[in-house]
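As provided, upload-v9.cif (mmCIF, C-alpha atoms and all ligand atoms) reads as follows.
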data_start
loop_
_atom_site.group_PDB
_atom_site.id
_atom_site.type_symbol
_atom_site.label_atom_id
_atom_site.label_comp_id
_atom_site.auth_asym_id
_atom_site.auth_seq_id
_atom_site.Cartn_x
_atom_site.Cartn_y
_atom_site.Cartn_z
ATOM 1 C CA MET A 985 -70.840 56.515 50.444
ATOM 2 C CA THR A 986 -68.133 53.932 49.780
ATOM 3 C CA PRO A 987 -64.768 55.254 50.878
ATOM 4 C CA VAL A 988 -62.262 55.582 48.063
ATOM 5 C CA GLN A 989 -59.518 53.010 48.443
ATOM 6 C CA PRO A 990 -56.087 54.261 47.499
ATOM 7 C CA THR A 991 -54.690 52.330 44.548
ATOM 8 C CA PRO A 992 -51.471 50.605 45.492
ATOM 9 C CA PRO A 993 -48.810 52.237 43.332
ATOM 10 C CA PHE A 994 -46.641 49.129 43.331
ATOM 11 C CA PRO A 995 -47.630 46.088 41.332
ATOM 12 C CA PHE A 996 -45.879 43.791 43.797
ATOM 13 C CA ASN A 997 -47.565 44.998 46.942
ATOM 14 C CA ALA A 998 -47.551 41.701 48.788
ATOM 15 C CA GLY A 999 -44.355 42.371 50.688
ATOM 16 C CA PRO A 1000 -42.103 45.087 52.028
ATOM 17 C CA VAL A 1001 -39.411 46.909 50.103
ATOM 18 C CA LEU A 1002 -35.778 46.459 51.110
ATOM 19 C CA LEU A 1003 -33.914 49.703 50.604
ATOM 20 C CA LYS A 1004 -30.122 49.407 50.717
ATOM 21 C CA ILE A 1005 -28.562 52.836 51.076
ATOM 22 C CA GLY A 1006 -24.969 53.189 49.951
ATOM 23 C CA GLY A 1007 -22.544 55.149 52.047
ATOM 24 C CA ASN A 1008 -21.253 57.622 49.479
ATOM 25 C CA ASP A 1009 -23.957 60.274 50.003
ATOM 26 C CA ILE A 1010 -25.001 59.378 53.515
ATOM 27 C CA ASP A 1011 -23.095 62.364 54.942
ATOM 28 C CA ASN A 1012 -24.863 64.789 52.573
ATOM 29 C CA PRO A 1013 -27.692 66.662 54.395
ATOM 30 C CA ALA A 1014 -29.652 67.379 51.177
ATOM 31 C CA PHE A 1015 -29.495 63.702 50.157
ATOM 32 C CA LEU A 1016 -30.622 62.567 53.609
ATOM 33 C CA CYS A 1017 -33.493 65.015 53.637
ATOM 34 C CA GLU A 1018 -34.792 63.893 50.222
ATOM 35 C CA LEU A 1019 -34.304 60.239 51.067
ATOM 36 C CA ALA A 1020 -36.233 60.574 54.324
ATOM 37 C CA ALA A 1021 -39.081 62.329 52.498
ATOM 38 C CA TYR A 1022 -39.161 59.482 49.976
ATOM 39 C CA VAL A 1023 -39.367 56.838 52.708
ATOM 40 C CA ALA A 1024 -42.032 58.819 54.567
ATOM 41 C CA ALA A 1025 -44.173 58.873 51.394
ATOM 42 C CA LEU A 1026 -43.949 55.101 50.782
ATOM 43 C CA ASP A 1027 -47.277 53.387 51.297
ATOM 44 C CA ARG A 1028 -45.860 50.019 52.218
ATOM 45 C CA PRO A 1029 -43.387 48.813 54.820
ATOM 46 C CA ALA A 1030 -39.692 49.354 54.305
ATOM 47 C CA VAL A 1031 -36.607 47.796 55.827
ATOM 48 C CA ILE A 1032 -33.441 49.837 55.425
ATOM 49 C CA VAL A 1033 -29.897 48.466 55.355
ATOM 50 C CA HIS A 1034 -27.096 50.985 55.017
ATOM 51 C CA GLY A 1035 -23.448 51.054 54.058
ATOM 52 C CA GLY A 1036 -20.872 53.584 55.103
ATOM 53 C CA GLY A 1037 -17.779 52.652 53.184
ATOM 54 C CA LYS A 1038 -16.633 56.200 52.561
ATOM 55 C CA GLU A 1039 -16.759 57.243 56.216
ATOM 56 C CA ILE A 1040 -15.136 53.980 57.358
ATOM 57 C CA GLY A 1041 -12.287 54.752 54.961
ATOM 58 C CA GLN A 1042 -12.000 58.321 56.270
ATOM 59 C CA LEU A 1043 -11.742 57.181 59.906
ATOM 60 C CA GLN A 1044 -9.287 54.409 58.970
ATOM 61 C CA THR A 1045 -7.074 56.979 57.272
ATOM 62 C CA ALA A 1046 -7.336 59.376 60.224
ATOM 63 C CA LEU A 1047 -6.197 56.518 62.498
ATOM 64 C CA GLY A 1048 -3.302 55.601 60.207
ATOM 65 C CA ILE A 1049 -4.873 52.374 58.895
ATOM 66 C CA ALA A 1050 -4.569 51.940 55.117
ATOM 67 C CA PRO A 1051 -7.864 50.647 53.639
ATOM 68 C CA GLN A 1052 -7.419 47.420 51.647
ATOM 69 C CA TRP A 1053 -9.872 45.832 49.266
ATOM 70 C CA VAL A 1054 -10.354 42.488 47.526
ATOM 71 C CA ASP A 1055 -13.052 42.391 44.819
ATOM 72 C CA GLY A 1056 -14.915 45.330 46.368
ATOM 73 C CA LEU A 1057 -14.845 43.797 49.867
ATOM 74 C CA ARG A 1058 -12.982 45.539 52.702
ATOM 75 C CA VAL A 1059 -10.176 43.543 54.317
ATOM 76 C CA THR A 1060 -11.068 43.727 58.025
ATOM 77 C CA ASP A 1061 -8.475 43.146 60.739
ATOM 78 C CA GLU A 1062 -9.428 43.661 64.415
ATOM 79 C CA ALA A 1063 -8.578 47.380 64.346
ATOM 80 C CA THR A 1064 -10.623 47.875 61.197
ATOM 81 C CA LEU A 1065 -13.534 45.954 62.718
ATOM 82 C CA SER A 1066 -13.619 48.481 65.585
ATOM 83 C CA VAL A 1067 -13.702 51.317 63.070
ATOM 84 C CA VAL A 1068 -16.455 49.596 61.084
ATOM 85 C CA GLU A 1069 -18.595 49.146 64.197
ATOM 86 C CA MET A 1070 -18.023 52.725 65.386
ATOM 87 C CA VAL A 1071 -18.941 54.237 62.054
ATOM 88 C CA LEU A 1072 -21.796 51.955 60.974
ATOM 89 C CA CYS A 1073 -23.568 51.375 64.311
ATOM 90 C CA GLY A 1074 -22.642 54.807 65.619
ATOM 91 C CA SER A 1075 -22.537 57.899 63.503
ATOM 92 C CA VAL A 1076 -24.065 56.613 60.257
ATOM 93 C CA ASN A 1077 -26.936 54.583 61.725
ATOM 94 C CA LYS A 1078 -27.917 57.304 64.200
ATOM 95 C CA ARG A 1079 -27.719 60.065 61.592
ATOM 96 C CA LEU A 1080 -30.047 58.127 59.295
ATOM 97 C CA VAL A 1081 -32.492 57.338 62.088
ATOM 98 C CA ARG A 1082 -32.588 60.975 63.244
ATOM 99 C CA GLN A 1083 -33.352 62.179 59.743
ATOM 100 C CA LEU A 1084 -36.085 59.590 59.195
ATOM 101 C CA ILE A 1085 -37.765 60.379 62.498
ATOM 102 C CA ALA A 1086 -37.646 64.085 61.666
ATOM 103 C CA ALA A 1087 -39.519 63.224 58.442
ATOM 104 C CA GLY A 1088 -42.196 61.358 60.386
ATOM 105 C CA VAL A 1089 -40.911 57.787 59.907
ATOM 106 C CA ASP A 1090 -41.000 55.645 63.064
ATOM 107 C CA ALA A 1091 -37.424 54.478 62.506
ATOM 108 C CA GLN A 1092 -35.419 52.254 64.821
ATOM 109 C CA GLY A 1093 -31.708 51.652 64.420
ATOM 110 C CA LEU A 1094 -30.315 48.149 64.876
ATOM 111 C CA SER A 1095 -26.929 46.567 64.474
ATOM 112 C CA GLY A 1096 -27.153 43.170 62.809
ATOM 113 C CA THR A 1097 -25.778 41.833 66.093
ATOM 114 C CA ASP A 1098 -28.661 43.256 68.183
ATOM 115 C CA ARG A 1099 -31.028 40.439 69.207
ATOM 116 C CA GLY A 1100 -28.847 38.145 67.101
ATOM 117 C CA LEU A 1101 -30.625 39.533 64.044
ATOM 118 C CA LEU A 1102 -27.830 38.430 61.699
ATOM 119 C CA ARG A 1103 -25.629 35.405 62.423
ATOM 120 C CA GLY A 1104 -22.454 34.933 60.453
ATOM 121 C CA VAL A 1105 -19.293 32.967 59.853
ATOM 122 C CA ARG A 1106 -16.006 34.003 58.338
ATOM 123 C CA LEU A 1107 -16.265 34.517 54.590
ATOM 124 C CA GLN A 1108 -13.876 32.271 52.684
ATOM 125 C CA HIS A 1109 -12.993 34.331 49.643
ATOM 126 C CA PRO A 1110 -11.039 32.955 46.685
ATOM 127 C CA GLY A 1111 -9.302 36.318 46.270
ATOM 128 C CA GLY A 1112 -7.553 36.146 49.659
ATOM 129 C CA ASP A 1113 -8.000 36.294 53.445
ATOM 130 C CA LEU A 1114 -10.392 39.127 54.286
ATOM 131 C CA GLY A 1115 -10.049 38.861 58.084
ATOM 132 C CA ARG A 1116 -13.243 39.442 60.059
ATOM 133 C CA VAL A 1117 -15.499 39.703 57.040
ATOM 134 C CA GLY A 1118 -18.526 37.522 57.467
ATOM 135 C CA THR A 1119 -21.107 35.785 55.413
ATOM 136 C CA ILE A 1120 -24.621 35.572 56.831
ATOM 137 C CA THR A 1121 -25.820 32.142 57.941
ATOM 138 C CA ALA A 1122 -29.170 33.108 59.493
ATOM 139 C CA VAL A 1123 -31.543 36.052 59.695
ATOM 140 C CA ARG A 1124 -34.085 36.322 62.537
ATOM 141 C CA ALA A 1125 -36.809 37.534 60.207
ATOM 142 C CA GLU A 1126 -39.418 37.564 62.982
ATOM 143 C CA VAL A 1127 -37.584 40.446 64.692
ATOM 144 C CA LEU A 1128 -38.083 42.559 61.571
ATOM 145 C CA LEU A 1129 -41.594 41.329 60.768
ATOM 146 C CA ASP A 1130 -42.734 42.209 64.320
ATOM 147 C CA LEU A 1131 -41.297 45.711 63.941
ATOM 148 C CA LEU A 1132 -42.991 46.135 60.544
ATOM 149 C CA ALA A 1133 -46.310 44.941 61.973
ATOM 150 C CA ALA A 1134 -45.959 47.642 64.615
ATOM 151 C CA GLY A 1135 -45.377 50.282 61.938
ATOM 152 C CA VAL A 1136 -41.679 50.610 62.749
ATOM 153 C CA THR A 1137 -39.049 51.026 60.007
ATOM 154 C CA PRO A 1138 -35.914 49.063 60.949
ATOM 155 C CA VAL A 1139 -32.610 50.705 59.969
ATOM 156 C CA ILE A 1140 -29.890 48.047 60.012
ATOM 157 C CA ALA A 1141 -26.116 48.401 60.244
ATOM 158 C CA PRO A 1142 -24.582 45.390 58.468
ATOM 159 C CA LEU A 1143 -22.663 43.494 61.133
ATOM 160 C CA ALA A 1144 -23.266 39.860 62.001
ATOM 161 C CA LEU A 1145 -22.806 37.977 65.251
ATOM 162 C CA GLY A 1146 -20.286 35.134 65.085
ATOM 163 C CA GLU A 1147 -20.385 31.895 67.070
ATOM 164 C CA ASP A 1148 -17.383 33.168 69.051
ATOM 165 C CA GLY A 1149 -19.472 36.126 70.265
ATOM 166 C CA GLY A 1150 -17.508 38.548 68.111
ATOM 167 C CA ALA A 1151 -18.784 40.673 65.274
ATOM 168 C CA TYR A 1152 -18.222 40.209 61.571
ATOM 169 C CA ASN A 1153 -18.158 43.009 59.037
ATOM 170 C CA VAL A 1154 -20.667 42.110 56.341
ATOM 171 C CA ASN A 1155 -20.760 43.898 53.007
ATOM 172 C CA ALA A 1156 -23.988 45.910 53.094
ATOM 173 C CA ASP A 1157 -25.125 44.581 49.721
ATOM 174 C CA HIS A 1158 -24.745 41.012 51.023
ATOM 175 C CA ALA A 1159 -26.679 41.855 54.194
ATOM 176 C CA ALA A 1160 -29.448 43.569 52.248
ATOM 177 C CA GLU A 1161 -29.924 40.560 49.980
ATOM 178 C CA ALA A 1162 -30.033 38.045 52.839
ATOM 179 C CA ILE A 1163 -32.541 40.161 54.749
ATOM 180 C CA ALA A 1164 -34.701 40.751 51.670
ATOM 181 C CA VAL A 1165 -34.956 37.004 51.067
ATOM 182 C CA ALA A 1166 -35.644 36.251 54.744
ATOM 183 C CA ILE A 1167 -38.525 38.724 55.012
ATOM 184 C CA GLY A 1168 -39.981 37.910 51.595
ATOM 185 C CA ALA A 1169 -39.437 41.405 50.201
ATOM 186 C CA ALA A 1170 -41.383 42.346 47.096
ATOM 187 C CA GLN A 1171 -38.487 44.409 45.836
ATOM 188 C CA ILE A 1172 -34.890 45.219 46.700
ATOM 189 C CA VAL A 1173 -33.412 48.589 45.740
ATOM 190 C CA PHE A 1174 -29.664 49.195 45.885
ATOM 191 C CA LEU A 1175 -29.450 52.960 46.206
ATOM 192 C CA THR A 1176 -25.959 54.105 45.265
ATOM 193 C CA ASN A 1177 -24.133 57.103 43.823
ATOM 194 C CA VAL A 1178 -24.532 56.217 40.145
ATOM 195 C CA ARG A 1179 -27.780 56.260 38.152
ATOM 196 C CA ALA A 1180 -27.346 52.691 36.931
ATOM 197 C CA VAL A 1181 -24.783 50.097 35.976
ATOM 198 C CA LEU A 1182 -22.766 51.855 33.282
ATOM 199 C CA VAL A 1183 -21.209 50.313 30.189
ATOM 200 C CA ASP A 1184 -18.965 52.781 28.348
ATOM 201 C CA GLY A 1185 -20.711 55.485 30.357
ATOM 202 C CA ILE A 1186 -24.171 54.391 29.187
ATOM 203 C CA PRO A 1187 -26.748 53.494 31.872
ATOM 204 C CA GLN A 1188 -28.110 49.960 31.367
ATOM 205 C CA PRO A 1189 -31.915 49.772 31.843
ATOM 206 C CA ALA A 1190 -31.822 46.009 32.433
ATOM 207 C CA LEU A 1191 -29.272 43.223 32.612
ATOM 208 C CA SER A 1192 -29.658 39.480 32.427
ATOM 209 C CA ALA A 1193 -27.552 37.242 34.637
ATOM 210 C CA ALA A 1194 -25.395 36.222 31.662
ATOM 211 C CA GLN A 1195 -24.806 39.839 30.595
ATOM 212 C CA ALA A 1196 -23.935 40.931 34.131
ATOM 213 C CA GLN A 1197 -21.514 38.051 34.705
ATOM 214 C CA ALA A 1198 -19.756 38.840 31.428
ATOM 215 C CA LEU A 1199 -19.390 42.507 32.449
ATOM 216 C CA ILE A 1200 -17.864 41.445 35.777
ATOM 217 C CA ALA A 1201 -15.489 39.029 34.050
ATOM 218 C CA SER A 1202 -14.340 41.700 31.589
ATOM 219 C CA GLY A 1203 -13.796 44.288 34.356
ATOM 220 C CA VAL A 1204 -16.484 46.716 33.126
ATOM 221 C CA ILE A 1205 -18.247 46.137 36.429
ATOM 222 C CA SER A 1206 -15.611 46.591 39.115
ATOM 223 C CA ARG A 1207 -14.995 47.491 42.777
ATOM 224 C CA GLY A 1208 -18.116 48.153 44.865
ATOM 225 C CA MET A 1209 -20.395 47.467 41.905
ATOM 226 C CA ILE A 1210 -19.365 43.777 41.909
ATOM 227 C CA PRO A 1211 -21.105 42.707 45.142
ATOM 228 C CA LYS A 1212 -24.082 44.916 44.289
ATOM 229 C CA VAL A 1213 -24.686 43.285 40.909
ATOM 230 C CA GLN A 1214 -24.006 39.815 42.315
ATOM 231 C CA MET A 1215 -26.528 40.382 45.081
ATOM 232 C CA ALA A 1216 -29.125 41.818 42.696
ATOM 233 C CA LEU A 1217 -28.794 38.646 40.589
ATOM 234 C CA HIS A 1218 -28.863 36.436 43.663
ATOM 235 C CA ALA A 1219 -31.959 38.188 45.014
ATOM 236 C CA VAL A 1220 -34.002 37.514 41.878
ATOM 237 C CA ALA A 1221 -32.658 33.945 41.710
ATOM 238 C CA GLN A 1222 -33.935 33.512 45.287
ATOM 239 C CA GLY A 1223 -37.417 34.636 44.284
ATOM 240 C CA ILE A 1224 -37.427 38.395 44.949
ATOM 241 C CA PRO A 1225 -39.527 39.695 42.028
ATOM 242 C CA GLN A 1226 -37.422 42.790 41.337
ATOM 243 C CA ALA A 1227 -33.977 44.171 42.106
ATOM 244 C CA VAL A 1228 -32.962 47.683 41.056
ATOM 245 C CA ILE A 1229 -29.602 49.487 41.171
ATOM 246 C CA THR A 1230 -29.945 53.255 40.973
ATOM 247 C CA ASP A 1231 -29.392 56.599 42.689
ATOM 248 C CA LEU A 1232 -31.962 58.757 44.467
ATOM 249 C CA ALA A 1233 -32.975 60.638 41.316
ATOM 250 C CA GLY A 1234 -33.353 57.304 39.519
ATOM 251 C CA LEU A 1235 -35.496 55.967 42.335
ATOM 252 C CA GLN A 1236 -37.708 59.039 42.150
ATOM 253 C CA SER A 1237 -38.070 58.864 38.362
ATOM 254 C CA GLY A 1238 -38.195 55.104 37.777
ATOM 255 C CA GLY A 1239 -34.689 54.850 36.325
ATOM 256 C CA GLY A 1240 -31.781 52.566 37.087
ATOM 257 C CA THR A 1241 -30.766 49.044 36.132
ATOM 258 C CA LEU A 1242 -33.433 46.396 36.609
ATOM 259 C CA PHE A 1243 -32.891 42.735 37.381
ATOM 260 C CA HIS A 1244 -36.026 40.655 37.454
ATOM 261 C CA ASN A 1245 -37.271 37.109 37.404
ATOM 262 C CA GLY A 1246 -40.178 37.786 35.089
ATOM 263 C CA GLY A 1247 -40.608 38.748 31.460
ATOM 264 C CA SER A 1248 -40.918 42.151 29.830
ATOM 265 C CA ALA A 1249 -44.097 42.801 31.831
ATOM 266 C CA ALA A 1250 -42.019 42.923 34.980
ATOM 267 C CA THR A 1251 -39.791 45.558 33.384
ATOM 268 C CA ALA A 1252 -42.782 47.713 32.578
ATOM 269 C CA THR A 1253 -44.429 47.336 35.956
ATOM 270 C CA VAL A 1254 -41.376 48.217 38.001
ATOM 271 C CA SER A 1255 -41.001 51.479 36.110
ATOM 272 C CA ALA A 1256 -44.675 52.243 36.545
ATOM 273 C CA GLY A 1257 -44.472 51.462 40.232
ATOM 274 C CA LEU A 1258 -41.425 53.577 40.885
ATOM 275 C CA GLU A 1259 -42.893 56.461 38.899
ATOM 276 C CA ALA A 1260 -46.139 56.258 40.809
ATOM 277 C CA ALA A 1261 -44.250 56.339 44.085
ATOM 278 C CA ALA A 1262 -42.244 59.320 42.895
ATOM 279 C CA ALA A 1263 -45.371 61.166 41.835
ATOM 280 C CA ARG A 1264 -46.820 61.163 45.352
HETATM 281 N N1 LIG A 1301 -19.866 49.442 35.511
HETATM 282 C C1 LIG A 1301 -20.053 50.260 36.544
HETATM 283 N N2 LIG A 1301 -21.130 51.101 36.535
HETATM 284 C C2 LIG A 1301 -21.345 51.960 37.570
HETATM 285 N N3 LIG A 1301 -20.533 52.061 38.669
HETATM 286 C C3 LIG A 1301 -19.458 51.240 38.726
HETATM 287 C C4 LIG A 1301 -19.171 50.306 37.683
HETATM 288 N N4 LIG A 1301 -18.044 49.638 38.015
HETATM 289 C C5 LIG A 1301 -17.636 50.125 39.196
HETATM 290 N N5 LIG A 1301 -18.477 51.074 39.660
HETATM 291 C C6 LIG A 1301 -18.281 51.804 40.911
HETATM 292 O O1 LIG A 1301 -19.145 51.278 41.918
HETATM 293 C C7 LIG A 1301 -19.431 52.357 42.815
HETATM 294 C C8 LIG A 1301 -20.590 51.981 43.730
HETATM 295 O O2 LIG A 1301 -20.170 51.067 44.721
HETATM 296 P P1 LIG A 1301 -19.734 51.557 46.185
HETATM 297 O O3 LIG A 1301 -19.401 50.340 46.971
HETATM 298 O O4 LIG A 1301 -18.715 52.652 46.081
HETATM 299 O O5 LIG A 1301 -21.062 52.281 46.706
HETATM 300 P P2 LIG A 1301 -22.207 51.759 47.673
HETATM 301 O O6 LIG A 1301 -22.225 50.261 47.695
HETATM 302 O O7 LIG A 1301 -23.432 52.457 47.208
HETATM 303 O O8 LIG A 1301 -21.782 52.298 49.092
HETATM 304 P P3 LIG A 1301 -21.322 51.419 50.396
HETATM 305 O O9 LIG A 1301 -20.244 50.490 49.909
HETATM 306 O O10 LIG A 1301 -20.845 52.435 51.364
HETATM 307 O O11 LIG A 1301 -22.552 50.698 50.849
HETATM 308 C C9 LIG A 1301 -19.683 53.507 41.888
HETATM 309 O O12 LIG A 1301 -19.519 54.761 42.527
HETATM 310 C C10 LIG A 1301 -18.599 53.285 40.815
HETATM 311 O O13 LIG A 1301 -17.406 53.983 41.139
HETATM 312 MG MG MG A 1302 -20.471 49.120 48.361
#
Have the structure of the file written as structure tokens, please.
Ligand SMILES: Nc1ncnc2c1ncn2[C@@H]1O[C@H](COP(=O)(O)OP(=O)(O)OP(=O)(O)O)[C@@H](O)[C@H]1O
Ligand SMILES: [Mg+2]
Amino acid sequence: MTPVQPTPPFPFNAGPVLLKIGGNDIDNPAFLCELAAYVAALDRPAVIVHGGGKEIGQLQTALGIAPQWVDGLRVTDEATLSVVEMVLCGSVNKRLVRQLIAAGVDAQGLSGTDRGLLRGVRLQHPGGDLGRVGTITAVRAEVLLDLLAAGVTPVIAPLALGEDGGAYNVNADHAAEAIAVAIGAAQIVFLTNVRAVLVDGIPQPALSAAQAQALIASGVISRGMIPKVQMALHAVAQGIPQAVITDLAGLQSGGGTLFHNGGSAATATVSAGLEAAAAR
């Protein structure tokens, strides 16, 4: 008898999924539990990049450092960089890895500096000096592809190694996009704490580059949503077939805002794929 082959639930099954997990819910045990179950049920490789902005802000405040932002990017002096590294590579990364392993995922935590996975230089930002905030210049994709081939799920804290041997704080959305492109991801999902990009409170099912840029220019898209939308647009411009911004419930039900480099067929297939994944 011919064995039944499982039907791939995703239309773009040629590459891994890049899952960027925002930091707003990453301290919520129920969220972590559901997220880990979702990852465990995926039938294709995943690379996870996480944020941790909320907990970085909490530790900054506890240490008497006032968080400062420019266009959704954290101004990072040396003291803040220490906090960023402690929170991202320490408590947040390890908490995520523990939860994934408990769900049966062979997860391994990595800082972007480990094995020189992410190399970076200081980000020159038109809005002002951001300190030790970096932009990624190179990704050692083979490190991740080897782990994926071995069935390991990499869980990456977004820091980059500078030429001076120091670390750079990299916005997690920026890191996720660079990694997705480097590994040839089939899809990038920005998991955050809102269902979708909202306009007057209404979730947007899809946005073109022109629409998104206009919403940024008019201030409808603001703060942490700016780098997320920019990176979703950049990802599809770089050849990633689909980018989605949503929350966990949206991921499970096929909701969220879709950015894609195809026509209406791509819109339909991403929903079908996400729904199929949620149904398992
Ligand atoms: N038009 C918009 N639609 C939806 N959310 C928006 C919009 N404009 C700004 N935001 C804000 O963007 C936030 C998401 O970005 P934020 O940086 O806080 O989360 P994250 O990127 O998921 O987490 P982290 O920065 O820790 O990785 C939302 O909670 C919301 O407050
Ligand atoms: Mg953010």
Target residues per the PyMOL selection byres (((chain A and resi 1211-1217) around 9) and not hetatm), formatted as a VMD selection string: chain A and resid 1055 to 1057 1155 to 1158 1160 to 1162 1172 to 1174 1181 1192 to 1193 1196 to 1197 1200 1205 1207 to 1210 1218 to 1222 1226 to 1229 1242 to 1244
Keeping only C-alpha atoms, write the selected residues as a compact mmCIF listing (two decimals), in the frame of the given file.
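File written: out.txt
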# COMPACT_ATOMS: atom_id res chain seq x y z
CA ASP A 1055 -13.05 42.39 44.82
CA GLY A 1056 -14.92 45.33 46.37
CA LEU A 1057 -14.84 43.80 49.87
CA ASN A 1155 -20.76 43.90 53.01
CA ALA A 1156 -23.99 45.91 53.09
CA ASP A 1157 -25.12 44.58 49.72
CA HIS A 1158 -24.74 41.01 51.02
CA ALA A 1160 -29.45 43.57 52.25
CA GLU A 1161 -29.92 40.56 49.98
CA ALA A 1162 -30.03 38.04 52.84
CA ILE A 1172 -34.89 45.22 46.70
CA VAL A 1173 -33.41 48.59 45.74
CA PHE A 1174 -29.66 49.20 45.88
CA VAL A 1181 -24.78 50.10 35.98
CA SER A 1192 -29.66 39.48 32.43
CA ALA A 1193 -27.55 37.24 34.64
CA ALA A 1196 -23.94 40.93 34.13
CA GLN A 1197 -21.51 38.05 34.70
CA ILE A 1200 -17.86 41.44 35.78
CA ILE A 1205 -18.25 46.14 36.43
CA ARG A 1207 -15.00 47.49 42.78
CA GLY A 1208 -18.12 48.15 44.86
CA MET A 1209 -20.40 47.47 41.90
CA ILE A 1210 -19.36 43.78 41.91
CA HIS A 1218 -28.86 36.44 43.66
CA ALA A 1219 -31.96 38.19 45.01
CA VAL A 1220 -34.00 37.51 41.88
CA ALA A 1221 -32.66 33.94 41.71
CA GLN A 1222 -33.94 33.51 45.29
CA GLN A 1226 -37.42 42.79 41.34
CA ALA A 1227 -33.98 44.17 42.11
CA VAL A 1228 -32.96 47.68 41.06
CA ILE A 1229 -29.60 49.49 41.17
CA LEU A 1242 -33.43 46.40 36.61
CA PHE A 1243 -32.89 42.74 37.38
CA HIS A 1244 -36.03 40.66 37.45
Might you pull out every residue within 6 Å of region 1008-1022 of chain A, with all atoms listed in the file counted and same-chain residues fewer than 5 positions away left off, and present them as a ChimeraX atom specification? /A:1038,1084,1087
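Residues in contact with Thr1060 (chain A) at 10 Å, where all atoms listed in the file are counted and same-chain residues fewer than 2 positions away are skipped, are listed as Pro1051, Gln1052, Trp1053, Leu1057, Arg1058, Glu1062, Ala1063, Thr1064, Leu1065, Ser1066, Val1067, Val1068, Asp1113, Leu1114, Gly1115, Arg1116, Val1117, Gly1118, Tyr1152, Asn1153 and Val1154 of chain A.
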Polymer residues at most 12 Å from Gly1146 (chain A), all atoms listed in the file, same-chain spacing of 2 or more positions, as an MDAnalysis selection string: chainID A and resid 1096:1097 1100:1107 1116:1122 1143:1144 1148:1154
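You will find CA of Leu1191 (chain A) at 28.9 Å from CA of Val1059 (chain A).
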Some atoms are missing, so please complete region 1135-1148 of chain A with N, CA and C atoms and return it as a short mmCIF file (atom, residue, chain, number, x, y, z; two decimals), keeping the file's coordinate frame.
data_model
loop_
_atom_site.label_atom_id
_atom_site.label_comp_id
_atom_site.auth_asym_id
_atom_site.auth_seq_id
_atom_site.Cartn_x
_atom_site.Cartn_y
_atom_site.Cartn_z
N GLY A 1135 -45.53 49.01 62.66
CA GLY A 1135 -45.38 50.28 61.94
C GLY A 1135 -44.00 50.90 62.07
N VAL A 1136 -43.05 50.11 62.56
CA VAL A 1136 -41.68 50.61 62.75
C VAL A 1136 -40.85 50.31 61.50
N THR A 1137 -39.97 51.23 61.13
CA THR A 1137 -39.05 51.03 60.01
C THR A 1137 -37.66 50.69 60.56
N PRO A 1138 -37.25 49.42 60.45
CA PRO A 1138 -35.91 49.06 60.95
C PRO A 1138 -34.81 49.63 60.05
N VAL A 1139 -33.77 50.14 60.69
CA VAL A 1139 -32.61 50.70 59.97
C VAL A 1139 -31.38 49.92 60.45
N ILE A 1140 -30.83 49.08 59.57
CA ILE A 1140 -29.89 48.05 60.01
C ILE A 1140 -28.46 48.34 59.56
N ALA A 1141 -27.55 48.33 60.54
CA ALA A 1141 -26.12 48.40 60.24
C ALA A 1141 -25.61 46.98 60.01
N PRO A 1142 -24.88 46.76 58.90
CA PRO A 1142 -24.58 45.39 58.47
C PRO A 1142 -23.40 44.73 59.18
N LEU A 1143 -23.62 44.35 60.44
CA LEU A 1143 -22.66 43.49 61.13
C LEU A 1143 -23.39 42.23 61.51
N ALA A 1144 -22.65 41.13 61.61
CA ALA A 1144 -23.27 39.86 62.00
C ALA A 1144 -22.58 39.32 63.24
N LEU A 1145 -23.33 38.57 64.03
CA LEU A 1145 -22.81 37.98 65.25
C LEU A 1145 -22.21 36.60 64.94
N GLY A 1146 -20.95 36.42 65.31
CA GLY A 1146 -20.29 35.13 65.08
C GLY A 1146 -20.51 34.18 66.24
N GLU A 1147 -20.21 32.90 66.01
CA GLU A 1147 -20.39 31.90 67.07
C GLU A 1147 -19.44 32.13 68.23
N ASP A 1148 -18.35 32.85 67.99
CA ASP A 1148 -17.38 33.17 69.05
C ASP A 1148 -17.81 34.40 69.85
#
